[in-house]
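Beneath this line is the structure, given in structure tokens, with notes to follow.
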There are 2 protein chains.
Amino acid sequence: MRISIIGSGNVATHLAAALKNAGHRLVQVYSRDIQNAALLAYHVGAEAIDDLNHVSSETDLFVISVKDDAIPAVARELASYHKLTVHTSGAVDLAALTDVNPKSGVFYPLQTLSKNKEVDFLTVPLCIEGADEEITTTLLQLAQTISNNVYRVNSEQRKILHLAAVFACNFPNYLYGVAQKLLGANNMGFEMLRPLILETAQKVQERLPAEVQTGPAVRKDENTMAAHLQMLNGEPDFEQLYKLLSQGIIKNDIAQHGHK
Amino acid sequence: MRISIIGSGNVATHLAAALKNAGHRLVQVYSRDIQNAALLAYHVGAEAIDDLNHVSSETDLFVISVKDDAIPAVARELASYHKLTVHTSGAVDLAALTDVNPKSGVFYPLQTLSKNKEVDFLTVPLCIEGADEEITTTLLQLAQTISNNVYRVNSEQRKILHLAAVFACNFPNYLYGVAQKLLGANNMGFEMLRPLILETAQKVQERLPAEVQTGPAVRKDENTMAAHLQMLNGEPDFEQLYKLLSQGIIKNDIAQHGHK
């Protein structure tokens, strides 16, 4: 497939590389910043542009991978080409595209992507939605050329996935940082916690979280929890987090939904 | 070294196996439940006992790996043997042992261990404390026979580590469960989130959490956060968690302690 990428951020970078590796032809990379466009374009053998008026019509697919707020405006600018167009956002409705172009879809990678961190794209879950069955089929087939984890997901489900990803990724990462801060204040380094963090994530690769929950809260060990709250005395925000998360574990409100 | 294990739980099981694999001789395994003692004893070639009056004095080290509350009582029962004795708890002071036996120490594995989940013990951080320099040296040497991550840690630091582990392991696991529940309520399975969870933990193996924080809060994306809170409307506990964790990320209160 001939594909043009609108954007040069984390998702654009990883997606363009994966598409190139799978044998697709990358036509153009657009960024407002021509240097960013040029860097990615060079890697994937495409032309760099910084003006949407210079978009080539010699393409089969536009992938819009820009900030959520900018998606509708970019979609309007591309609509006159009447090409298949997708965005890559977890939070934006498909309607943001179909409002201006019926040949639209979504291509949402459910993964935390950073430019300077390689990832095996075959493992990245790709969540696909098309404006009609034909488009959906085309996008599912395209997705399967770069990932072994392709899902058909509607706009409502995708928004839930995006919210769930905040709980499964952004919030745990913040808690890693809280743990690091507690150690740092006592002359210990974050490297002590890295094996624990990795094993915690590996444990749920084949099990469900409720099956492998450990710690004082799940044991209802009131003495240890009281001692921990005492230690957090000078950090009211961390104290409140400790209480709220421990209460959740004690209530065991995650156990009811046990299906894989 | 000749070693006897008092306890047959998760830590006792993994530690006994690692010590056996490293060539040490496991003398006895004690559990109140003789079947549990027998199961572990069989695996490590030791004798199973369910009565502390049957403890053999033909050993160099007692490893007490029982519930925190039970440690002082067990230590008292073993004191008459005058053998080197350690406990494996993150939360219990060394004094719980030295009160009855000066030849005491701590051997705390900073890892989430489950009987039915194998772990490469060489990667498990072992936190060592001894009642004097000679004991500390002995325990550090023993620890290095089974782990490449051996740390000397005093009782105060160990309690901080134990607290930090709650933030780095128990709380993230609970949040994985919250994410699973959100998906389940919308007919999606937890397997969709597994690659994201693993990558989030892998990212901090070589970087610090503040360097790889992603998501709406760190972008200060108020629209997305408002939409997420709207979606959590029926779950007041999750709503409160979302607010508190997002506020922490926005404040960026984990970034100041950036040393590795």
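The chains in the structure tokens are called A, B, ... from first to last as shown; in each chain the residues are counted from 1, and the ligands are counted from 1 in the order shown.
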**OP:** Among the residues of region 3-181 of chain A, find those DSSP assigns to helix (DSSP H, G or I) from the backbone and print them as a PyMOL selection string.
**Re:** chain A and resi 10-21+34-44+52-54+68-81+95-98+121-123+133-144+155-181
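The protein and nucleic acid residues lying at most 9 Å from Asn36 (chain B) are Gly7, Ser8, Gly9, Tyr30, Ser31, Ala41 and Ala48 of chain B, with only C-alpha atoms considered and sequence neighbours fewer than 5 positions away removed.
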Generate the output file for the selected residues, N, CA and C atoms, as an mmCIF file, in the first residue's frame.
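This went into selection_35.cif:
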```
data_model
loop_
_atom_site.group_PDB
_atom_site.id
_atom_site.type_symbol
_atom_site.label_atom_id
_atom_site.label_comp_id
_atom_site.auth_asym_id
_atom_site.auth_seq_id
_atom_site.Cartn_x
_atom_site.Cartn_y
_atom_site.Cartn_z
ATOM 1 N N GLY B 7 9.169 -22.543 58.184
ATOM 2 C CA GLY B 7 8.109 -21.983 57.364
ATOM 3 C C GLY B 7 8.058 -22.695 56.027
ATOM 4 N N SER B 8 6.903 -22.603 55.354
ATOM 5 C CA SER B 8 6.751 -23.293 54.065
ATOM 6 C C SER B 8 5.926 -22.448 53.094
ATOM 7 N N GLY B 9 5.938 -21.139 53.320
ATOM 8 C CA GLY B 9 5.161 -20.241 52.461
ATOM 9 C C GLY B 9 5.917 -19.872 51.193
ATOM 10 N N TYR B 30 10.373 -26.825 58.647
ATOM 11 C CA TYR B 30 9.304 -26.859 59.643
ATOM 12 C C TYR B 30 8.060 -26.155 59.114
ATOM 13 N N SER B 31 6.902 -26.782 59.328
ATOM 14 C CA SER B 31 5.630 -26.075 59.165
ATOM 15 C C SER B 31 4.665 -26.642 60.198
ATOM 16 N N ALA B 41 10.075 -29.985 51.908
ATOM 17 C CA ALA B 41 11.235 -30.780 52.334
ATOM 18 C C ALA B 41 11.620 -31.772 51.237
ATOM 19 N N ALA B 48 11.144 -33.192 57.074
ATOM 20 C CA ALA B 48 9.970 -32.381 57.415
ATOM 21 C C ALA B 48 9.629 -32.545 58.891
#
```
**OP:** Dump as JSON, numbers by chain the residues of chain B that approach chain A to within 7 Å, counting only C-alpha atoms.
**Re:** {"B": [110, 111, 112, 123, 124, 125, 157, 160, 161, 163, 164, 165, 166, 167, 168, 169, 170, 171, 172, 173, 174, 175, 176, 177, 178, 179, 181, 182, 183, 184, 186, 189, 190, 191, 192, 194, 195, 196, 197, 198, 200, 201, 202, 205, 209, 210, 213, 214, 215, 228, 245, 249, 254, 257, 260]}
**OP:** Would you kindly return, as a list in words, each protein, DNA or RNA residue with an atom no farther than 6 Å from any atom of Gln28 (chain B), considering only C-alpha atoms and excluding same-chain residues fewer than 4 positions away?
**Re:** Ser4, Ala46, Glu47 and Ala48 of chain B
Same residues, N, CA and C atoms, output as a PDB file, in the first residue's frame:
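Final output, saved to part-v2.pdb:
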```pdb
ATOM      1  N   SER B   4      18.400 -24.763  57.982  1.00  0.00           N
ATOM      2  CA  SER B   4      17.045 -25.235  58.249  1.00  0.00           C
ATOM      3  C   SER B   4      16.054 -24.103  58.021  1.00  0.00           C
ATOM      4  N   ALA B  46      15.267 -32.302  52.385  1.00  0.00           N
ATOM      5  CA  ALA B  46      15.376 -32.066  53.830  1.00  0.00           C
ATOM      6  C   ALA B  46      14.388 -32.957  54.586  1.00  0.00           C
ATOM      7  N   GLU B  47      14.468 -32.904  55.911  1.00  0.00           N
ATOM      8  CA  GLU B  47      13.505 -33.620  56.755  1.00  0.00           C
ATOM      9  C   GLU B  47      12.351 -32.682  57.098  1.00  0.00           C
ATOM     10  N   ALA B  48      11.144 -33.192  57.074  1.00  0.00           N
ATOM     11  CA  ALA B  48       9.970 -32.381  57.415  1.00  0.00           C
ATOM     12  C   ALA B  48       9.629 -32.545  58.891  1.00  0.00           C
TER      13      ALA B  48
END
```
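Ranking A:Val55, A:Val11, A:Ile6, A:Glu129 by their shortest atom-to-atom distance to Ala37 (chain A), with only C-alpha atoms included, puts A:Ile6 first.
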Original post:
Which residues come within 7 Å of region 59-63 of chain B, counting only C-alpha atoms, excluding same-chain residues fewer than 4 positions away, as a ChimeraX atom specification?
Top reply: /B:1-6,27,83-87
Original post:
Expressed in Å to a single decimal, how great is the separation between CA of Arg219 (chain A) and CA of Ile71 (chain B)?
Top reply: 16.7 Å
